[in-house]
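Chemist: Below is the file entry_20.tsv, with TSV, C-alpha atoms.
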chain	number	residue	atom	x	y	z
U	1	MET	CA	57.51	85.33	5.41
U	2	ARG	CA	57.65	81.53	5.28
U	3	ARG	CA	53.89	81.35	5.82
U	4	LEU	CA	53.17	84.08	3.29
U	5	SER	CA	55.11	82.33	0.53
U	6	ALA	CA	53.51	78.99	1.49
U	7	PHE	CA	50.09	80.66	1.15
U	8	ALA	CA	51.10	82.14	-2.23
U	9	THR	CA	52.35	78.70	-3.34
U	10	GLY	CA	49.02	77.09	-2.44
U	11	ALA	CA	47.08	79.88	-4.15
U	12	LEU	CA	49.11	79.67	-7.38
U	13	PHE	CA	49.06	75.85	-7.36
U	14	GLY	CA	45.28	75.76	-6.84
U	15	THR	CA	44.63	78.37	-9.52
U	16	GLY	CA	46.79	76.40	-11.95
U	17	LEU	CA	44.90	73.19	-11.13
U	18	LEU	CA	41.59	74.98	-11.72
U	19	ILE	CA	42.58	76.65	-15.01
U	20	SER	CA	44.34	73.59	-16.44
U	21	GLY	CA	41.31	71.31	-16.09
U	22	MET	CA	42.91	69.06	-13.43
U	23	VAL	CA	39.87	69.59	-11.18
U	24	ASP	CA	37.55	68.28	-13.93
U	25	THR	CA	37.25	64.55	-13.26
U	26	THR	CA	36.03	63.84	-16.82
U	27	LYS	CA	39.22	65.36	-18.28
U	28	VAL	CA	41.44	63.33	-15.90
U	29	GLN	CA	39.55	60.12	-16.65
U	30	GLY	CA	39.75	60.98	-20.37
U	31	TRP	CA	43.56	61.23	-20.06
U	32	LEU	CA	43.74	57.82	-18.37
U	33	ASP	CA	41.35	56.26	-20.91
U	34	ILE	CA	44.05	55.13	-23.33
U	35	PHE	CA	41.89	52.26	-24.65
U	36	GLY	CA	38.90	54.56	-25.26
U	37	ASN	CA	38.43	58.20	-26.24
U	38	TRP	CA	41.86	59.48	-25.12
U	39	ASP	CA	42.13	63.16	-24.10
U	40	PRO	CA	45.73	64.49	-24.29
U	41	THR	CA	45.11	67.73	-22.32
U	42	LEU	CA	46.99	66.51	-19.22
U	43	ALA	CA	50.17	66.03	-21.24
U	44	PHE	CA	50.18	69.81	-21.75
U	45	VAL	CA	49.60	70.38	-18.02
U	46	LEU	CA	52.41	68.01	-17.05
U	47	GLY	CA	54.74	69.44	-19.70
U	48	GLY	CA	54.04	73.01	-18.64
U	49	ALA	CA	54.79	72.14	-15.01
U	50	VAL	CA	57.77	69.79	-15.43
U	51	LEU	CA	59.88	71.46	-18.15
U	52	PRO	CA	60.52	74.82	-16.37
U	53	MET	CA	61.07	72.92	-13.09
U	54	ILE	CA	64.09	71.13	-14.62
U	55	PHE	CA	65.95	74.45	-14.66
U	56	ILE	CA	64.62	75.46	-11.23
U	57	TRP	CA	66.09	72.24	-9.74
U	58	ARG	CA	69.48	73.01	-11.34
U	59	LEU	CA	69.39	76.49	-9.79
U	60	ALA	CA	68.28	75.21	-6.38
U	61	GLU	CA	70.92	72.47	-6.27
U	62	THR	CA	73.76	74.87	-7.16
U	63	ARG	CA	72.61	77.40	-4.52
U	64	LYS	CA	72.24	74.61	-1.91
U	65	THR	CA	69.97	76.71	0.35
U	66	SER	CA	66.66	78.47	-0.27
U	67	VAL	CA	66.06	82.24	-0.09
U	68	LEU	CA	64.84	81.79	3.49
U	69	GLY	CA	67.88	79.71	4.40
U	70	THR	CA	66.46	76.18	4.35
U	71	VAL	CA	68.78	73.48	2.99
U	72	ILE	CA	67.50	72.17	-0.36
U	73	PRO	CA	66.19	68.63	0.33
U	74	ALA	CA	68.69	65.89	-0.52
U	75	ARG	CA	67.82	63.19	-3.02
U	76	ALA	CA	66.12	60.19	-1.41
U	77	PRO	CA	68.17	57.01	-1.82
U	78	VAL	CA	67.05	55.04	-4.89
U	79	THR	CA	65.02	52.30	-3.25
U	80	LEU	CA	62.10	50.88	-5.17
U	81	ASP	CA	60.49	49.23	-2.16
U	82	ALA	CA	57.11	47.57	-1.71
U	83	ASN	CA	55.64	50.75	-0.20
U	84	LEU	CA	56.46	52.80	-3.31
U	85	ILE	CA	55.23	50.15	-5.74
U	86	ILE	CA	52.04	49.07	-3.96
U	87	GLY	CA	51.24	52.63	-2.85
U	88	SER	CA	51.60	54.10	-6.34
U	89	LEU	CA	49.44	51.37	-7.88
U	90	MET	CA	46.74	51.87	-5.21
U	91	PHE	CA	46.83	55.62	-5.74
U	92	GLY	CA	46.51	55.15	-9.52
U	93	VAL	CA	43.49	52.86	-9.21
U	94	GLY	CA	41.74	55.38	-6.93
U	95	TRP	CA	42.71	58.27	-9.20
U	96	GLY	CA	41.18	56.54	-12.22
U	97	LEU	CA	38.03	55.45	-10.39
U	98	VAL	CA	36.90	58.99	-9.55
U	99	GLY	CA	39.39	61.27	-11.35
U	100	LEU	CA	40.66	63.24	-8.34
U	101	CYS	CA	44.19	63.32	-6.89
U	102	PRO	CA	45.07	65.11	-3.61
U	103	GLY	CA	45.85	68.60	-5.02
U	104	PRO	CA	42.70	69.01	-7.14
U	105	ALA	CA	40.59	67.40	-4.38
U	106	MET	CA	41.57	70.31	-2.12
U	107	ALA	CA	41.47	73.02	-4.82
U	108	SER	CA	37.89	72.03	-5.74
U	109	LEU	CA	36.68	71.40	-2.17
U	110	VAL	CA	34.53	74.56	-2.01
U	111	ILE	CA	33.11	74.39	-5.55
U	112	GLY	CA	32.89	70.59	-5.89
U	113	GLY	CA	29.70	69.85	-3.93
U	114	TRP	CA	29.13	67.03	-1.43
U	115	GLY	CA	30.83	64.41	-3.59
U	116	GLY	CA	34.10	66.32	-3.34
U	117	VAL	CA	33.75	66.71	0.45
U	118	LEU	CA	33.08	62.99	0.83
U	119	PHE	CA	36.14	62.20	-1.30
U	120	LEU	CA	38.36	64.41	0.86
U	121	LEU	CA	37.03	62.84	4.08
U	122	ALA	CA	37.72	59.34	2.72
U	123	MET	CA	41.19	60.44	1.60
U	124	VAL	CA	42.01	61.86	5.06
U	125	ALA	CA	40.75	58.61	6.63
U	126	GLY	CA	43.07	56.71	4.30
U	127	MET	CA	45.98	58.92	5.35
U	128	LEU	CA	45.18	58.20	9.01
U	129	VAL	CA	45.32	54.42	8.59
U	130	ALA	CA	48.36	54.46	6.27
U	131	PRO	CA	51.23	54.56	8.86
U	132	PRO	CA	50.55	51.10	10.42
U	133	ILE	CA	50.08	49.57	6.93
U	134	ARG	CA	53.37	51.13	5.89
U	135	ALA	CA	55.15	49.74	8.94
U	136	ARG	CA	53.78	46.26	8.29
U	137	LEU	CA	54.78	46.34	4.60
U	138	THR	CA	58.29	47.49	5.52
U	139	GLN	CA	58.57	44.68	8.07
U	140	ALA	CA	57.23	42.02	5.71
U	141	THR	CA	59.68	42.89	2.94
U	142	ALA	CA	62.74	43.70	5.06
G	1	MET	CA	17.92	66.00	-46.14
G	2	ASN	CA	21.34	64.66	-46.92
G	3	CYS	CA	22.59	68.02	-48.21
G	4	VAL	CA	21.73	69.57	-44.85
G	5	THR	CA	23.09	66.97	-42.44
G	6	VAL	CA	26.56	66.63	-43.91
G	7	PRO	CA	27.62	70.31	-43.52
G	8	GLN	CA	26.06	70.38	-40.04
G	9	LYS	CA	28.17	67.45	-38.94
G	10	ARG	CA	31.26	69.20	-40.26
G	11	VAL	CA	30.46	72.34	-38.27
G	12	ILE	CA	30.05	70.32	-35.06
G	13	TYR	CA	33.32	68.51	-35.72
G	14	ALA	CA	35.17	71.80	-36.33
G	15	LYS	CA	33.76	73.23	-33.11
G	16	ARG	CA	34.84	70.19	-31.17
G	17	THR	CA	38.46	70.33	-32.37
G	18	GLN	CA	38.51	74.05	-31.65
G	19	LEU	CA	37.32	73.41	-28.09
G	20	MET	CA	39.92	70.70	-27.66
G	21	GLU	CA	42.74	72.99	-28.79
G	22	GLN	CA	41.46	75.63	-26.37
G	23	ASP	CA	41.63	73.04	-23.56
G	24	TRP	CA	45.25	72.29	-24.46
G	25	ILE	CA	46.19	75.99	-24.24
G	26	TRP	CA	44.46	76.35	-20.84
G	27	GLY	CA	46.18	73.12	-19.79
G	28	LEU	CA	49.58	74.56	-20.70
G	29	ILE	CA	48.89	77.89	-18.93
G	30	GLY	CA	47.63	76.09	-15.81
G	31	GLY	CA	50.60	73.71	-15.99
G	32	LEU	CA	53.02	76.65	-16.05
G	33	MET	CA	51.28	78.04	-12.96
G	34	ILE	CA	51.64	74.67	-11.19
G	35	GLY	CA	55.35	74.63	-12.12
G	36	GLY	CA	55.66	78.25	-10.93
G	37	ALA	CA	54.15	77.29	-7.57
G	38	ALA	CA	56.57	74.35	-7.22
G	39	ALA	CA	59.46	76.70	-8.11
G	40	LEU	CA	58.35	79.27	-5.52
G	41	TYR	CA	58.09	76.67	-2.75
G	42	LEU	CA	61.48	75.18	-3.61
G	43	LEU	CA	63.46	78.40	-4.11
G	44	VAL	CA	61.91	80.42	-1.24
G	45	ASN	CA	60.88	77.83	1.37
G	46	GLY	CA	63.35	75.15	0.34
G	47	ARG	CA	60.67	72.48	0.26
G	48	ILE	CA	59.17	70.07	-2.25
G	49	MET	CA	55.60	70.99	-3.16
G	50	GLY	CA	53.73	67.72	-2.68
G	51	ALA	CA	50.01	67.99	-1.94
G	52	SER	CA	49.65	64.56	-0.29
G	53	GLY	CA	52.78	65.03	1.85
G	54	ILE	CA	51.81	68.50	3.09
G	55	LEU	CA	48.29	67.34	4.05
G	56	GLY	CA	49.39	63.88	5.22
G	57	GLY	CA	51.99	65.31	7.62
G	58	LEU	CA	49.20	67.24	9.34
G	59	VAL	CA	46.80	64.29	9.39
G	60	ASP	CA	49.18	61.75	10.97
G	61	GLY	CA	51.13	64.30	13.03
G	62	SER	CA	54.51	63.58	11.41
G	63	GLY	CA	54.82	67.20	10.23
G	64	ARG	CA	54.01	68.90	13.52
G	65	ASP	CA	57.18	71.04	13.55
G	66	THR	CA	56.22	72.68	10.22
G	67	MET	CA	52.51	72.92	11.00
G	68	THR	CA	51.90	76.62	10.31
G	69	GLU	CA	53.71	76.50	6.97
G	70	ARG	CA	51.58	73.51	5.93
G	71	LEU	CA	48.38	75.22	7.09
G	72	ALA	CA	49.25	78.41	5.16
G	73	PHE	CA	49.76	76.32	1.98
G	74	LEU	CA	46.43	74.52	2.48
G	75	LEU	CA	44.63	77.82	3.15
G	76	GLY	CA	45.85	79.15	-0.21
G	77	LEU	CA	45.08	75.88	-2.01
G	78	ILE	CA	41.55	75.48	-0.61
G	79	GLY	CA	40.59	79.15	-0.26
G	80	VAL	CA	41.82	80.91	-3.40
G	81	PRO	CA	40.57	78.68	-6.29
G	82	PRO	CA	36.87	79.30	-5.38
G	83	LEU	CA	37.53	83.05	-5.75
G	84	VAL	CA	39.17	82.49	-9.14
G	85	ALA	CA	36.24	80.24	-10.10
G	86	LEU	CA	33.94	83.26	-9.78
G	87	LEU	CA	35.58	84.52	-12.99
G	88	TYR	CA	35.10	81.13	-14.71
G	89	PRO	CA	31.52	80.13	-13.93
G	90	ALA	CA	31.79	77.11	-16.26
G	91	VAL	CA	34.21	75.24	-13.96
G	92	SER	CA	32.82	71.97	-12.66
G	93	THR	CA	34.40	68.85	-11.20
G	94	ASN	CA	31.75	66.59	-12.83
G	95	ILE	CA	32.33	64.10	-10.01
G	96	THR	CA	30.49	60.77	-10.15
G	97	PRO	CA	27.27	60.54	-8.07
G	98	ASN	CA	28.27	56.98	-7.01
G	99	ILE	CA	29.12	57.41	-3.30
G	100	TRP	CA	30.69	53.94	-2.98
G	101	ALA	CA	33.09	54.75	-5.81
G	102	ILE	CA	33.91	58.07	-4.11
G	103	ILE	CA	34.59	56.42	-0.72
G	104	ALA	CA	36.68	53.61	-2.23
G	105	ALA	CA	38.68	56.01	-4.41
G	106	GLY	CA	39.29	58.43	-1.52
G	107	LEU	CA	40.60	55.61	0.69
G	108	LEU	CA	42.84	54.25	-2.09
G	109	VAL	CA	44.25	57.71	-2.86
G	110	GLY	CA	44.82	58.48	0.84
G	111	ILE	CA	46.53	55.18	1.70
G	112	GLY	CA	48.37	54.89	-1.63
G	113	THR	CA	49.93	58.35	-1.63
G	114	ARG	CA	51.12	57.96	1.97
G	115	LEU	CA	52.66	54.53	1.32
G	116	ALA	CA	54.34	55.83	-1.84
G	117	ASN	CA	55.31	59.09	-0.11
G	118	GLY	CA	53.94	61.27	-2.90
G	119	CYS	CA	51.31	61.91	-5.54
G	120	THR	CA	50.99	63.73	-8.86
G	121	SER	CA	52.62	66.92	-7.55
G	122	GLY	CA	55.47	65.49	-5.43
G	123	HIS	CA	56.48	62.45	-7.51
G	124	GLY	CA	55.09	63.76	-10.82
G	125	VAL	CA	55.95	67.46	-11.08
G	126	CYS	CA	58.86	67.73	-8.59
G	127	GLY	CA	60.26	64.19	-9.00
G	128	LEU	CA	60.26	63.93	-12.80
G	129	SER	CA	61.87	67.36	-13.21
G	130	ARG	CA	64.70	66.30	-10.86
G	131	PHE	CA	65.16	63.07	-12.86
G	132	SER	CA	64.43	61.13	-9.67
G	133	VAL	CA	64.24	57.36	-10.18
G	134	ARG	CA	61.67	56.96	-7.40
G	135	GLY	CA	59.59	59.80	-8.87
G	136	LEU	CA	59.71	58.23	-12.33
G	137	ALA	CA	58.84	54.75	-11.00
G	138	ALA	CA	55.92	56.14	-8.98
G	139	THR	CA	54.61	58.17	-11.95
G	140	VAL	CA	54.76	55.19	-14.33
G	141	LEU	CA	53.00	52.98	-11.74
G	142	TYR	CA	50.18	55.38	-10.88
G	143	LEU	CA	49.53	56.12	-14.55
G	144	LEU	CA	49.44	52.36	-15.15
G	145	GLY	CA	47.09	51.88	-12.17
G	146	GLY	CA	44.88	54.71	-13.43
G	147	ALA	CA	44.69	53.37	-17.00
G	148	LEU	CA	43.93	49.88	-15.67
G	149	SER	CA	41.26	51.28	-13.35
G	150	ILE	CA	39.50	53.10	-16.22
G	151	TYR	CA	39.75	50.00	-18.41
G	152	VAL	CA	38.21	47.73	-15.78
G	153	PHE	CA	35.60	50.06	-14.26
G	154	ARG	CA	34.54	51.80	-17.48
G	155	HIS	CA	35.05	49.31	-20.31
G	156	ILE	CA	34.59	45.95	-18.57
G	157	LEU	CA	32.30	46.60	-15.59
G	158	GLY	CA	30.70	49.80	-16.93
G	159	VAL	CA	30.28	51.39	-13.48
G	160	ILE	CA	31.87	54.78	-14.28
Can I see the file as structure tokens?
Modeler:
Amino acid sequence: MRRLSAFATGALFGTGLLISGMVDTTKVQGWLDIFGNWDPTLAFVLGGAVLPMIFIWRLAETRKTSVLGTVIPARAPVTLDANLIIGSLMFGVGWGLVGLCPGPAMASLVIGGWGGVLFLLAMVAGMLVAPPIRARLTQATA
Amino acid sequence: MNCVTVPQKRVIYAKRTQLMEQDWIWGLIGGLMIGGAAALYLLVNGRIMGASGILGGLVDGSGRDTMTERLAFLLGLIGVPPLVALLYPAVSTNITPNIWAIIAAGLLVGIGTRLANGCTSGHGVCGLSRFSVRGLAATVLYLLGGALSIYVFRHILGVI
């Protein structure tokens, strides 16, 4: 059951990414191009995803557990540490450079040609080397 | 000549705005589906739908105890959109042919999302809707990084 709903989540998420234009790197780069020819499409994508989720969070937090009995994840403590700040900036620069973030990179893997495959391989390599960098950053700023 | 070119330009302009409005509607529909997926994962599985976290936990081994759930999500995410794309033959990623840009961007996205513990789906969709301070800070910073990246690489260096 848990696997089936996880599969359905991935399928719905990927289909939404495809239909919304999030897999089109020119649309993403157009959204980030605030000093050039700005494309507002992604505001509609973000709005469509975030607004209903506000009510879903309310529901989830009052119920405390999910349908399959998992405890709803607690809020992370509000710590704006170096990992969050440096990591988010790095992610943003990479996102702008090519126009792909992790979800769309996977949703477009089959239809995106060799460029998309290369991007995913580089992203996985980045994820492999991230833990020691994270540990060092935590140590340096502790 | 002048009498012909002016109306033609107007027609092209009208078509372009029409196309743009169509993109916004598809954006909203797709966005609602993304939100629906996040809702499903939260209400049924009790988990936050974050693409970088679900993949990253498999890559570095930190999510070994929830491996099959993660794999099922990835199977749906990677396997189903190509089938949907058969209905929309116009879909293209239009990715840059510059392999150095692709490698650099992939590394930055991979390292950055794991340091920050989230990307557009986890911090953006799930974090903002929970009014999470970390989610908001991350979203502001990666949008800032993205805008800066486009400004430098497109408008100053002209490489993308």
Chemist: Give as a ChimeraX atom specification every residue of chain U that touches chain G within 6 Å, counting only C-alpha atoms.
Modeler: /U:3,6-7,9-16,19-20,23-25,32-33,41,44-45,48-50,53-54,66-68,70,72,83-84,87-96,102-103,106-107,112,119,122-123,126-128,130,134
Chemist: Could you state the separation of CA of Lys27 in chain U and CA of Ser108 in chain U in Å, given to one decimal place?
Modeler: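 CA of Ser108 in chain U lies at a distance of 14.3 Å from CA of Lys27 in chain U.
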Chemist: Can you measure CA of Gly115 in chain U to CA of Leu157 in chain G for me? One decimal in Å is fine.
Modeler: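 Straight-line distance from CA of Gly115 in chain U to CA of Leu157 in chain G works out to 21.5 Å.
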Chemist: What is the distance, in Å and to one decimal place, between CA of Leu17 in chain U and CA of Met1 in chain U?
Modeler: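 Answer for the CA of Leu17 in chain U to CA of Met1 in chain U separation: 24.1 Å.
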